[in-house]
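A.B. asks: This is upload-v1.cif (mmCIF, C-alpha atoms).
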data_coords
#
loop_
_atom_site.label_atom_id
_atom_site.label_comp_id
_atom_site.auth_asym_id
_atom_site.auth_seq_id
_atom_site.Cartn_x
_atom_site.Cartn_y
_atom_site.Cartn_z
CA MET A 1450 10.85 -20.09 -27.49
CA PRO A 1451 11.80 -17.05 -29.57
CA SER A 1452 13.45 -16.99 -32.96
CA SER A 1453 17.13 -16.08 -33.11
CA SER A 1454 16.24 -12.66 -34.55
CA GLY A 1455 13.64 -12.10 -31.80
CA LEU A 1456 16.19 -13.01 -29.15
CA GLU A 1457 18.77 -10.67 -30.66
CA ARG A 1458 16.26 -7.79 -30.76
CA ALA A 1459 15.23 -8.52 -27.16
CA ARG A 1460 18.81 -8.37 -25.89
CA ALA A 1461 19.40 -5.08 -27.68
CA LEU A 1462 16.14 -3.67 -26.27
CA LEU A 1463 17.11 -4.53 -22.68
CA GLN A 1464 20.42 -2.72 -23.08
CA ARG A 1465 18.63 0.59 -23.62
CA ALA A 1466 15.26 0.11 -21.88
CA PRO A 1467 15.50 -0.73 -18.17
CA LEU A 1468 14.00 -4.06 -17.18
CA VAL A 1469 12.40 -3.59 -13.76
CA ASP A 1470 11.46 -6.83 -11.99
CA GLY A 1471 8.89 -6.34 -9.25
CA HIS A 1472 9.79 -9.21 -6.96
CA ASN A 1473 12.85 -11.34 -6.21
CA ASP A 1474 13.37 -13.32 -2.99
CA LEU A 1475 17.16 -13.63 -3.10
CA PRO A 1476 17.57 -11.95 0.33
CA TRP A 1477 15.63 -14.71 2.09
CA ALA A 1478 17.13 -17.42 -0.12
CA LEU A 1479 20.54 -16.29 1.16
CA ARG A 1480 19.30 -16.57 4.75
CA GLU A 1481 18.50 -20.23 4.06
CA PHE A 1482 21.64 -20.90 2.04
CA GLY A 1483 24.14 -23.15 3.77
CA ASP A 1484 23.97 -23.08 7.55
CA GLY A 1485 20.54 -21.62 8.21
CA THR A 1486 19.04 -18.31 9.33
CA GLY A 1487 20.57 -17.65 12.73
CA GLU A 1488 23.60 -15.56 11.85
CA ASP A 1489 24.05 -11.81 11.52
CA VAL A 1490 23.12 -10.38 8.13
CA TYR A 1491 26.75 -9.39 7.48
CA THR A 1492 27.68 -13.06 7.75
CA THR A 1493 24.76 -14.00 5.52
CA ALA A 1494 25.86 -11.57 2.82
CA ALA A 1495 29.41 -12.94 2.94
CA LYS A 1496 28.48 -16.62 2.69
CA ILE A 1497 28.64 -16.92 -1.08
CA ASP A 1498 30.19 -14.90 -3.89
CA LEU A 1499 27.36 -13.66 -6.11
CA THR A 1500 29.82 -12.72 -8.85
CA GLU A 1501 30.09 -16.46 -9.52
CA ARG A 1502 27.39 -18.62 -11.08
CA HIS A 1503 25.36 -20.55 -8.49
CA PRO A 1504 23.18 -23.32 -9.96
CA SER A 1505 21.25 -23.65 -6.68
CA LEU A 1506 20.03 -20.03 -6.96
CA HIS A 1507 17.86 -18.46 -9.65
CA THR A 1508 19.72 -15.19 -9.13
CA ASP A 1509 23.38 -14.21 -9.16
CA ILE A 1510 25.24 -11.37 -10.82
CA VAL A 1511 26.37 -13.53 -13.77
CA LYS A 1512 22.76 -14.46 -14.58
CA MET A 1513 21.53 -10.91 -13.95
CA ARG A 1514 23.96 -9.61 -16.57
CA GLU A 1515 23.00 -12.32 -19.05
CA GLY A 1516 19.31 -11.56 -18.56
CA GLY A 1517 19.60 -7.81 -19.06
CA LEU A 1518 18.13 -7.04 -15.63
CA GLY A 1519 18.28 -3.28 -15.09
CA MET A 1520 16.40 -2.66 -11.85
CA GLN A 1521 15.23 -5.08 -9.16
CA PHE A 1522 12.76 -4.70 -6.32
CA TRP A 1523 14.36 -7.02 -3.76
CA SER A 1524 11.72 -8.57 -1.52
CA VAL A 1525 12.32 -8.19 2.21
CA TRP A 1526 9.89 -11.03 2.94
CA ILE A 1527 9.60 -12.68 6.32
CA PRO A 1528 7.63 -15.86 7.11
CA GLY A 1529 4.08 -15.51 8.36
CA ARG A 1530 4.99 -17.49 11.47
CA LEU A 1531 6.92 -14.41 12.63
CA ALA A 1532 4.59 -12.00 14.36
CA GLY A 1533 4.64 -8.95 16.60
CA ASP A 1534 8.03 -7.52 17.53
CA GLY A 1535 9.75 -10.56 16.00
CA ALA A 1536 8.30 -9.66 12.61
CA VAL A 1537 9.57 -6.09 12.88
CA THR A 1538 13.05 -7.28 13.87
CA ALA A 1539 13.17 -9.74 10.97
CA VAL A 1540 12.07 -7.25 8.32
CA LEU A 1541 14.65 -4.71 9.52
CA GLU A 1542 17.32 -7.41 9.24
CA GLN A 1543 16.20 -8.12 5.68
CA VAL A 1544 16.37 -4.43 4.75
CA GLU A 1545 19.88 -4.30 6.21
CA LEU A 1546 20.84 -7.40 4.20
CA VAL A 1547 19.90 -5.62 0.94
CA TYR A 1548 22.10 -2.68 1.98
CA GLU A 1549 24.94 -5.10 2.77
CA LEU A 1550 24.62 -6.79 -0.62
CA ALA A 1551 24.57 -3.45 -2.47
CA GLY A 1552 27.72 -2.39 -0.61
CA ARG A 1553 29.50 -5.70 -1.12
CA TYR A 1554 28.79 -5.70 -4.88
CA SER A 1555 28.92 -1.96 -5.52
CA ASP A 1556 30.49 -2.50 -8.95
CA HIS A 1557 27.33 -4.33 -10.01
CA LEU A 1558 24.51 -3.07 -7.76
CA GLY A 1559 23.46 0.40 -6.69
CA LEU A 1560 20.83 1.21 -4.08
CA ALA A 1561 17.98 3.37 -5.33
CA THR A 1562 15.12 4.87 -3.37
CA THR A 1563 13.51 6.94 -6.17
CA ALA A 1564 12.82 6.50 -9.87
CA ALA A 1565 15.45 9.15 -10.67
CA GLU A 1566 18.07 7.33 -8.58
CA ALA A 1567 17.17 4.02 -10.25
CA GLU A 1568 17.59 5.52 -13.70
CA LYS A 1569 20.94 7.02 -12.69
CA VAL A 1570 22.20 3.64 -11.44
CA PHE A 1571 20.99 1.94 -14.64
CA ALA A 1572 22.80 4.57 -16.74
CA SER A 1573 26.00 3.74 -14.81
CA GLY A 1574 25.82 0.13 -16.04
CA ARG A 1575 24.77 -1.34 -12.72
CA VAL A 1576 21.53 -2.95 -11.52
CA ALA A 1577 19.42 -0.53 -9.49
CA SER A 1578 18.41 -2.14 -6.19
CA LEU A 1579 15.05 -1.09 -4.77
CA ILE A 1580 13.29 -2.63 -1.78
CA GLY A 1581 9.77 -4.00 -1.37
CA ALA A 1582 8.34 -5.37 1.89
CA GLU A 1583 6.23 -8.50 1.32
CA GLY A 1584 3.54 -8.87 3.95
CA GLY A 1585 1.82 -6.29 6.14
CA HIS A 1586 2.50 -8.44 9.21
CA SER A 1587 5.99 -6.91 9.13
CA ILE A 1588 4.72 -3.58 10.54
CA ASN A 1589 2.98 -5.15 13.58
CA SER A 1590 -0.10 -2.95 12.99
CA SER A 1591 1.99 0.19 13.52
CA LEU A 1592 1.91 3.21 11.22
CA GLY A 1593 5.12 4.29 12.92
CA VAL A 1594 6.91 1.13 11.75
CA LEU A 1595 5.44 1.71 8.27
CA ARG A 1596 6.94 5.22 8.20
CA ALA A 1597 10.27 3.90 9.49
CA LEU A 1598 10.45 1.35 6.65
CA ARG A 1599 9.76 4.14 4.17
CA ARG A 1600 12.61 6.22 5.68
CA LEU A 1601 14.89 3.21 5.20
CA GLY A 1602 14.07 3.25 1.50
CA VAL A 1603 11.34 0.59 1.28
CA ARG A 1604 9.24 1.60 -1.74
CA TYR A 1605 6.32 -0.81 -1.61
CA MET A 1606 4.53 -3.01 0.89
CA THR A 1607 2.41 -6.02 0.01
CA LEU A 1608 -0.61 -5.67 2.30
CA THR A 1609 -0.64 -9.37 3.23
CA HIS A 1610 1.32 -12.52 2.55
CA ASN A 1611 -0.40 -15.93 2.71
CA ASP A 1612 -2.22 -15.20 5.99
CA ASN A 1613 -4.58 -12.40 6.96
CA THR A 1614 -3.20 -9.51 8.93
CA PRO A 1615 -5.34 -8.01 11.72
CA TRP A 1616 -6.46 -5.42 9.16
CA ALA A 1617 -6.45 -7.06 5.69
CA ASP A 1618 -7.68 -10.30 4.12
CA SER A 1619 -5.27 -12.54 2.22
CA ALA A 1620 -6.18 -14.45 -0.95
CA THR A 1621 -5.14 -17.72 0.69
CA ASP A 1622 -6.76 -17.42 4.14
CA GLN A 1623 -10.34 -17.46 5.41
CA PRO A 1624 -11.89 -13.97 5.07
CA GLU A 1625 -12.24 -12.06 8.32
CA HIS A 1626 -12.44 -8.37 7.50
CA GLY A 1627 -14.48 -8.00 4.32
CA GLY A 1628 -11.28 -6.82 2.65
CA LEU A 1629 -9.83 -4.00 4.73
CA THR A 1630 -10.72 -2.81 8.21
CA GLU A 1631 -10.81 0.93 8.83
CA PHE A 1632 -7.23 0.69 10.08
CA GLY A 1633 -6.38 -1.14 6.86
CA ARG A 1634 -7.74 1.81 4.91
CA ASP A 1635 -5.64 4.08 7.13
CA VAL A 1636 -2.58 2.03 6.14
CA VAL A 1637 -3.37 2.59 2.45
CA ARG A 1638 -3.91 6.32 3.02
CA GLU A 1639 -0.64 6.61 4.92
CA MET A 1640 1.22 4.75 2.21
CA ASN A 1641 -0.17 7.23 -0.31
CA ARG A 1642 0.93 10.12 1.90
CA ILE A 1643 4.51 8.95 2.43
CA GLY A 1644 5.10 7.77 -1.14
CA MET A 1645 5.06 4.01 -0.58
CA LEU A 1646 3.44 1.95 -3.32
CA VAL A 1647 0.46 -0.17 -2.30
CA ASP A 1648 1.12 -3.73 -3.49
CA LEU A 1649 -1.98 -5.90 -3.94
CA SER A 1650 -0.33 -9.23 -4.74
CA HIS A 1651 -1.33 -11.90 -2.18
CA VAL A 1652 -4.52 -10.11 -1.08
CA ALA A 1653 -8.12 -11.28 -1.47
CA PRO A 1654 -10.26 -9.75 -4.25
CA SER A 1655 -12.29 -7.95 -1.56
CA THR A 1656 -9.05 -6.37 -0.33
CA MET A 1657 -8.08 -5.44 -3.89
CA HIS A 1658 -11.38 -3.62 -4.38
CA ALA A 1659 -11.21 -1.89 -0.98
CA ALA A 1660 -7.65 -0.72 -1.59
CA LEU A 1661 -8.49 0.57 -5.08
CA GLU A 1662 -11.47 2.44 -3.64
CA THR A 1663 -9.25 3.97 -0.94
CA SER A 1664 -6.00 4.73 -2.77
CA VAL A 1665 -5.62 8.09 -4.49
CA LYS A 1666 -2.35 6.92 -6.06
CA PRO A 1667 -1.62 4.18 -8.60
CA VAL A 1668 -1.13 0.75 -7.00
CA ILE A 1669 0.86 -2.25 -8.17
CA PHE A 1670 0.64 -6.01 -8.16
CA SER A 1671 4.31 -6.91 -7.71
CA HIS A 1672 3.95 -10.58 -8.76
CA SER A 1673 0.52 -11.80 -9.85
CA SER A 1674 -1.03 -13.17 -13.03
CA CYS A 1675 -4.58 -13.37 -14.48
CA ARG A 1676 -7.40 -15.30 -12.80
CA ARG A 1677 -9.25 -15.72 -16.12
CA VAL A 1678 -6.28 -17.61 -17.62
CA ALA A 1679 -5.37 -19.71 -14.55
CA ASP A 1680 -7.91 -20.03 -11.76
CA HIS A 1681 -5.60 -19.61 -8.78
CA PRO A 1682 -6.56 -17.43 -5.76
CA ARG A 1683 -3.26 -15.53 -6.08
CA ASN A 1684 -4.24 -14.15 -9.49
CA ILE A 1685 -6.08 -10.97 -10.47
CA PRO A 1686 -9.75 -11.14 -11.54
CA ASP A 1687 -10.74 -9.23 -14.67
CA ASP A 1688 -13.00 -6.81 -12.80
CA VAL A 1689 -9.98 -5.77 -10.72
CA LEU A 1690 -7.84 -5.35 -13.85
CA ILE A 1691 -10.50 -3.01 -15.23
CA LYS A 1692 -10.39 -0.95 -12.01
CA LEU A 1693 -6.60 -0.96 -12.17
CA LYS A 1694 -6.72 0.86 -15.49
CA ALA A 1695 -8.80 3.67 -13.97
CA ASN A 1696 -6.39 3.79 -11.02
CA GLY A 1697 -3.35 4.11 -13.30
CA GLY A 1698 -1.61 1.18 -11.65
CA VAL A 1699 0.48 -1.72 -12.95
CA ALA A 1700 -0.02 -5.50 -12.87
CA MET A 1701 3.41 -7.11 -12.81
CA ILE A 1702 2.83 -10.55 -14.31
CA THR A 1703 4.62 -13.33 -12.47
CA PHE A 1704 6.27 -16.54 -13.68
CA VAL A 1705 5.24 -18.81 -10.77
CA PRO A 1706 4.08 -22.11 -12.39
CA ASP A 1707 1.19 -22.52 -9.92
CA PHE A 1708 -0.20 -19.14 -11.00
CA VAL A 1709 0.47 -19.19 -14.75
CA SER A 1710 -0.38 -22.75 -15.86
CA PRO A 1711 -4.02 -23.92 -15.52
CA ARG A 1712 -2.70 -27.49 -15.19
CA VAL A 1713 -0.33 -26.56 -12.37
CA ALA A 1714 -3.02 -24.42 -10.70
CA GLU A 1715 -5.27 -27.50 -10.61
CA TRP A 1716 -2.40 -29.55 -9.18
CA ASP A 1717 -1.83 -26.92 -6.49
CA ALA A 1718 -5.54 -26.89 -5.61
CA ALA A 1719 -5.38 -30.67 -5.15
CA LEU A 1720 -2.28 -30.28 -2.97
CA ARG A 1721 -4.10 -27.67 -0.87
CA ALA A 1722 -7.06 -30.03 -0.42
CA ALA A 1723 -4.76 -32.91 0.55
CA MET A 1724 -2.93 -30.75 3.08
CA THR A 1725 -6.18 -29.51 4.59
CA ALA A 1726 -7.46 -33.08 4.92
CA ALA A 1727 -4.21 -34.02 6.68
CA GLY A 1728 -4.43 -31.05 9.06
CA ALA A 1729 -1.51 -29.24 7.41
CA ASN A 1730 -1.41 -25.56 6.47
CA HIS A 1731 -0.91 -24.90 2.75
CA ALA A 1732 -0.32 -21.20 3.46
CA ASP A 1733 2.79 -22.00 5.52
CA MET A 1734 5.66 -22.15 3.04
CA GLY A 1735 7.69 -24.58 5.16
CA GLU A 1736 4.79 -26.98 5.71
CA ARG A 1737 3.89 -26.84 2.02
CA LYS A 1738 7.44 -27.68 0.96
CA ALA A 1739 7.72 -30.63 3.37
CA PHE A 1740 4.28 -32.04 2.52
CA GLY A 1741 4.71 -31.44 -1.20
CA GLU A 1742 8.02 -33.31 -1.42
CA LYS A 1743 6.24 -36.50 -0.34
CA TRP A 1744 2.96 -35.87 -2.15
CA ILE A 1745 4.62 -35.16 -5.50
CA VAL A 1746 5.96 -38.72 -5.69
CA GLU A 1747 2.48 -40.06 -6.46
CA HIS A 1748 1.15 -36.81 -7.96
CA PRO A 1749 3.74 -35.51 -10.46
CA LYS A 1750 3.63 -31.76 -10.93
CA PRO A 1751 2.82 -30.63 -14.49
CA ILE A 1752 5.31 -28.49 -16.38
CA ALA A 1753 4.65 -24.79 -17.04
CA THR A 1754 6.22 -23.06 -20.04
CA LEU A 1755 7.12 -19.61 -21.28
CA ASP A 1756 4.03 -19.80 -23.52
CA ASP A 1757 1.83 -19.93 -20.40
CA VAL A 1758 3.29 -16.59 -19.28
CA VAL A 1759 2.74 -15.10 -22.74
CA LEU A 1760 -0.96 -16.03 -22.53
CA HIS A 1761 -1.28 -14.04 -19.29
CA LEU A 1762 0.48 -11.04 -20.80
CA GLU A 1763 -1.73 -11.08 -23.89
CA HIS A 1764 -4.90 -11.45 -21.81
CA ALA A 1765 -3.91 -8.64 -19.44
CA ARG A 1766 -2.98 -6.43 -22.39
CA GLU A 1767 -6.44 -7.01 -23.88
CA VAL A 1768 -8.26 -6.22 -20.62
CA VAL A 1769 -6.20 -3.41 -19.08
CA GLY A 1770 -3.89 -2.20 -21.86
CA VAL A 1771 -0.14 -2.27 -22.34
CA ASP A 1772 0.36 0.89 -20.26
CA HIS A 1773 -0.54 -1.08 -17.11
CA LEU A 1774 1.71 -4.14 -17.41
CA GLY A 1775 5.02 -5.12 -15.84
CA LEU A 1776 6.92 -8.23 -14.74
CA GLY A 1777 7.58 -9.75 -11.32
CA GLY A 1778 9.31 -13.09 -11.74
CA ASP A 1779 9.38 -14.26 -8.07
CA TYR A 1780 12.81 -15.77 -8.69
CA ASP A 1781 14.30 -17.50 -5.64
CA GLY A 1782 10.85 -17.42 -4.05
CA VAL A 1783 9.69 -20.67 -5.66
CA GLN A 1784 11.33 -24.03 -6.29
CA THR A 1785 10.69 -24.30 -10.03
CA LEU A 1786 10.04 -21.90 -12.92
CA PRO A 1787 8.51 -22.41 -16.37
CA GLN A 1788 10.55 -23.97 -19.16
CA GLY A 1789 12.30 -21.11 -20.90
CA LEU A 1790 12.24 -18.89 -17.80
CA GLU A 1791 14.34 -21.01 -15.44
CA ASP A 1792 16.36 -18.16 -13.90
CA VAL A 1793 17.06 -14.43 -14.26
CA SER A 1794 19.26 -15.00 -17.31
CA THR A 1795 16.19 -15.88 -19.37
CA TYR A 1796 14.23 -12.59 -19.59
CA PRO A 1797 15.33 -12.12 -23.24
CA ASN A 1798 13.47 -15.35 -24.10
CA LEU A 1799 10.20 -13.74 -23.02
CA PHE A 1800 10.78 -10.46 -24.81
CA GLY A 1801 11.97 -12.29 -27.92
CA ALA A 1802 8.76 -14.34 -27.92
CA LEU A 1803 6.64 -11.18 -27.59
CA LEU A 1804 8.52 -9.43 -30.39
CA ASP A 1805 8.00 -12.52 -32.57
CA LYS A 1806 4.27 -12.26 -31.80
CA GLY A 1807 4.19 -8.69 -33.10
CA TRP A 1808 4.57 -6.66 -29.92
CA SER A 1809 6.30 -3.40 -30.78
CA GLU A 1810 9.59 -2.46 -29.17
CA ASP A 1811 7.85 0.52 -27.57
CA ASP A 1812 5.25 -1.77 -26.00
CA CYS A 1813 7.98 -4.13 -24.79
CA ALA A 1814 9.84 -1.18 -23.24
CA LYS A 1815 6.66 -0.22 -21.36
CA LEU A 1816 6.29 -3.78 -20.10
CA ALA A 1817 9.96 -4.03 -19.19
CA GLY A 1818 9.98 -1.07 -16.84
CA ALA A 1819 8.61 2.21 -18.17
CA ASN A 1820 5.16 1.60 -16.70
CA VAL A 1821 6.29 0.84 -13.15
CA LEU A 1822 8.79 3.72 -13.26
CA ARG A 1823 5.87 6.01 -14.12
CA VAL A 1824 4.02 4.79 -11.02
CA LEU A 1825 7.14 5.23 -8.88
CA ARG A 1826 7.70 8.77 -10.19
CA ASP A 1827 4.08 9.58 -9.31
CA ALA A 1828 4.73 8.39 -5.73
CA ASP A 1829 8.02 10.34 -5.62
CA ALA A 1830 6.17 13.53 -6.54
CA GLY A 1831 4.14 13.36 -3.32
#
Spit out the file's structure as structure tokens when you get a sec.
C.D. replies:
Amino acid sequence: MPSSSGLERARALLQRAPLVDGHNDLPWALREFGDGTGEDVYTTAAKIDLTERHPSLHTDIVKMREGGLGMQFWSVWIPGRLAGDGAVTAVLEQVELVYELAGRYSDHLGLATTAAEAEKVFASGRVASLIGAEGGHSINSSLGVLRALRRLGVRYMTLTHNDNTPWADSATDQPEHGGLTEFGRDVVREMNRIGMLVDLSHVAPSTMHAALETSVKPVIFSHSSCRRVADHPRNIPDDVLIKLKANGGVAMITFVPDFVSPRVAEWDAALRAAMTAAGANHADMGERKAFGEKWIVEHPKPIATLDDVVLHLEHAREVVGVDHLGLGGDYDGVQTLPQGLEDVSTYPNLFGALLDKGWSEDDCAKLAGANVLRVLRDADAG
């Protein structure tokens, strides 16, 4: 944990330098909050008052203010079990939910579809709300749907989630395509053309390499950490980080315990093996939660800490350089977070720890948001 002076400097830094988080799953968490996922998104948005503190959520406006959050890419994730037209319907509902939330809390949130708009909202004292689509299954293999999402303001798409798409291999599925099919490369090219960031979190290393070979624009990893530090398939290998530097992209280091702590990564690998042996699907978030709640009784999950996240940041800085780093917490997308980073109020703890370790304020400002805003401006320029 940081010193009191480090924490004070961190809070002051985040008042003037926008903190851009690459991935937050609050929109889906709200769908599951209370009485389930069947209602209209207007009803979903009205279910709870986000201006009050909600201990059952990692994210609310009180915590966002305490954490110095300046800009958020809200994830419009949909489960992998949704496919075809159902996937398209669900992702459109999630986009609409973000719009509803921004309208409902307009004193605190402001929709932004460009870097300039995000900076304007931040300057107004509100949190700029951007949108990222998690999982290429949401476009139902249609470039037309991809373009429609971009028109609605979606600024990045993660090429896969936990399962392969018909055109891209996921990090947590059996390889089918050798990375990207030719249509998958067409998706990347079209994303470049229309100004949508290519997000390589969740994809297999072969897909990472294929996308980096295809993309003429900087790419992002919206919420991934370093494979060398924690050997989890969701993390980024060093050879990809090296390519990312040449591409000009940004690796947004995540806080997910399974990805940042070697001990928790080993625990997750054992859980995956146990689920496979029992005929259960580790990639299915619902199955994993149900199986894990029973399995954890006899196999306690290790604790991750803020220091684990710092190790990933320092390793990535050494390999790719500080100009290519960002943060993507994955708040409200996981059940637990590292000690010291329990919810969105805790970002100053991380920046205070980095300042205590000798990171300059300029370097911390780059990590906080300047780097990913540079990539977004590049996409805005066409």
A.B. asks: For A:Val1603, which of A:Leu1558, A:Val1576, A:Ala1494, A:Val1540 is the closest residue, counting only C-alpha atoms?
C.D. replies: A:Val1540
A.B. asks: What does the structure give for the distance between atom CA of A:His1773 and atom CA of A:Val1713, in Å to one decimal?
C.D. replies: 25.9 Å
A.B. asks: Every residue with an atom at most 10 Å from (27.4, -15.4, 3.1) (file coordinates; all atoms listed in the file) is what I'm after, so could you write them as a list in words?
C.D. replies: Leu1479, Arg1480, Phe1482, Gly1483, Asp1484, Glu1488, Asp1489, Val1490, Tyr1491, Thr1492, Thr1493, Ala1494, Ala1495, Lys1496, Ile1497, Asp1498, Leu1499 and Leu1550 of chain A
A.B. asks: Using all atoms listed in the file, find the one residue out of A:Trp1808, A:Gly1455, A:Asp1622, A:Trp1477 that sits nearest to A:His1731.
C.D. replies: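 Answer, going by the shortest atom-to-atom distance: A:Asp1622.
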A.B. asks: Any chance you could work out the residue set of the PyMOL selection byres ((chain A and resi 1632) around 10) here, as a VMD selection string?
C.D. replies: chain A and resid 1590 to 1592 1615 to 1617 1629 to 1631 1633 to 1638
A.B. asks: Can you work out which one of A:Ser1710, A:Phe1800, A:Gln1784, A:Leu1760 has the shortest atom-to-atom distance to A:Gly1741, counting only C-alpha atoms?
C.D. replies: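 The closest residue to A:Gly1741 is A:Gln1784.
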A.B. asks: Could you state the separation of atom CA of A:Ala1564 and atom CA of A:His1507 in Å, given to one decimal place?
C.D. replies: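 Going from atom CA of A:Ala1564 over to atom CA of A:His1507, I get 25.5 Å.
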A.B. asks: Hey, what's within 7 Å of stretch 1813-1827 of chain A if we count all atoms listed in the file and toss same-chain stuff fewer than 4 positions away? As an MDAnalysis selection string, please?
C.D. replies: chainID A and resid 1466:1469 1564 1667 1698:1699 1771:1776 1800 1808:1809
A.B. asks: Quick one: residues within 8 Å of A:Gly1628, all atoms listed in the file counted, chain neighbours fewer than 3 positions away excluded, as a ChimeraX atom specification?
C.D. replies: /A:1617-1618,1624-1625,1653-1659
A.B. asks: Please, what distance in Å, to one decimal, runs between atom CA of A:Thr1754 and atom CA of A:Phe1708?
C.D. replies: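 These two atoms are separated by 11.8 Å.
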A.B. asks: Give as a PyMOL selection string the residues that the PyMOL selection byres ((chain A and resi 1607) around 9) matches when applied to the coordinates above.
C.D. replies: chain A and resi 1581-1585+1605-1606+1608-1610+1646-1652+1670-1671
A.B. asks: With distances taken over all atoms listed in the file, which residue among A:Ala1539, A:Leu1560, A:Ala1718, A:Ile1669 lies nearest A:Pro1682?
C.D. replies: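 Among A:Ala1539, A:Leu1560, A:Ala1718, A:Ile1669, it is A:Ala1718 that comes nearest to A:Pro1682.
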A.B. asks: Point out the residue among A:Ala1729, A:Leu1804, A:Ala1828, A:Val1746 with the least atom-to-atom distance to A:Glu1457, counting only C-alpha atoms.
C.D. replies: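 Closest to A:Glu1457, using only C-alpha atoms: A:Leu1804.
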A.B. asks: Let me know the residues the PyMOL selection byres ((chain A and resi 1692) around 12) catches in the file above, as a PyMOL selection string.
C.D. replies: chain A and resi 1654+1657-1662+1664+1667-1669+1685-1691+1693-1700+1768-1770+1773
A.B. asks: Since the input lacks atoms, please generate N, CA and C atoms for stretch 1783-1795 of chain A and provide them as a PDB file, keeping the file's coordinate frame.
C.D. replies:
ATOM      1  N   VAL A1783      10.365 -19.417  -5.336  1.00  0.00           N
ATOM      2  CA  VAL A1783       9.690 -20.670  -5.660  1.00  0.00           C
ATOM      3  C   VAL A1783      10.747 -21.704  -6.022  1.00  0.00           C
ATOM      4  N   GLN A1784      10.356 -22.964  -6.024  1.00  0.00           N
ATOM      5  CA  GLN A1784      11.330 -24.030  -6.290  1.00  0.00           C
ATOM      6  C   GLN A1784      11.590 -24.212  -7.778  1.00  0.00           C
ATOM      7  N   THR A1785      10.535 -24.091  -8.600  1.00  0.00           N
ATOM      8  CA  THR A1785      10.690 -24.300 -10.030  1.00  0.00           C
ATOM      9  C   THR A1785      10.077 -23.129 -10.800  1.00  0.00           C
ATOM     10  N   LEU A1786      10.541 -22.942 -12.022  1.00  0.00           N
ATOM     11  CA  LEU A1786      10.040 -21.900 -12.920  1.00  0.00           C
ATOM     12  C   LEU A1786       9.654 -22.534 -14.248  1.00  0.00           C
ATOM     13  N   PRO A1787       8.914 -21.832 -15.079  1.00  0.00           N
ATOM     14  CA  PRO A1787       8.510 -22.410 -16.370  1.00  0.00           C
ATOM     15  C   PRO A1787       9.709 -22.718 -17.274  1.00  0.00           C
ATOM     16  N   GLN A1788       9.540 -23.697 -18.139  1.00  0.00           N
ATOM     17  CA  GLN A1788      10.550 -23.970 -19.160  1.00  0.00           C
ATOM     18  C   GLN A1788      10.740 -22.717 -20.004  1.00  0.00           C
ATOM     19  N   GLY A1789      11.993 -22.322 -20.156  1.00  0.00           N
ATOM     20  CA  GLY A1789      12.300 -21.110 -20.900  1.00  0.00           C
ATOM     21  C   GLY A1789      12.495 -19.895 -20.025  1.00  0.00           C
ATOM     22  N   LEU A1790      12.092 -20.010 -18.747  1.00  0.00           N
ATOM     23  CA  LEU A1790      12.240 -18.890 -17.800  1.00  0.00           C
ATOM     24  C   LEU A1790      12.843 -19.403 -16.491  1.00  0.00           C
ATOM     25  N   GLU A1791      13.839 -20.268 -16.611  1.00  0.00           N
ATOM     26  CA  GLU A1791      14.340 -21.010 -15.440  1.00  0.00           C
ATOM     27  C   GLU A1791      15.068 -20.144 -14.428  1.00  0.00           C
ATOM     28  N   ASP A1792      15.644 -19.027 -14.835  1.00  0.00           N
ATOM     29  CA  ASP A1792      16.360 -18.160 -13.900  1.00  0.00           C
ATOM     30  C   ASP A1792      16.430 -16.758 -14.506  1.00  0.00           C
ATOM     31  N   VAL A1793      17.097 -15.830 -13.817  1.00  0.00           N
ATOM     32  CA  VAL A1793      17.060 -14.430 -14.260  1.00  0.00           C
ATOM     33  C   VAL A1793      17.860 -14.168 -15.527  1.00  0.00           C
ATOM     34  N   SER A1794      18.557 -15.173 -16.034  1.00  0.00           N
ATOM     35  CA  SER A1794      19.260 -15.000 -17.310  1.00  0.00           C
ATOM     36  C   SER A1794      18.320 -15.090 -18.497  1.00  0.00           C
ATOM     37  N   THR A1795      17.067 -15.484 -18.261  1.00  0.00           N
ATOM     38  CA  THR A1795      16.190 -15.880 -19.370  1.00  0.00           C
ATOM     39  C   THR A1795      15.170 -14.817 -19.782  1.00  0.00           C
TER      40      THR A1795
END
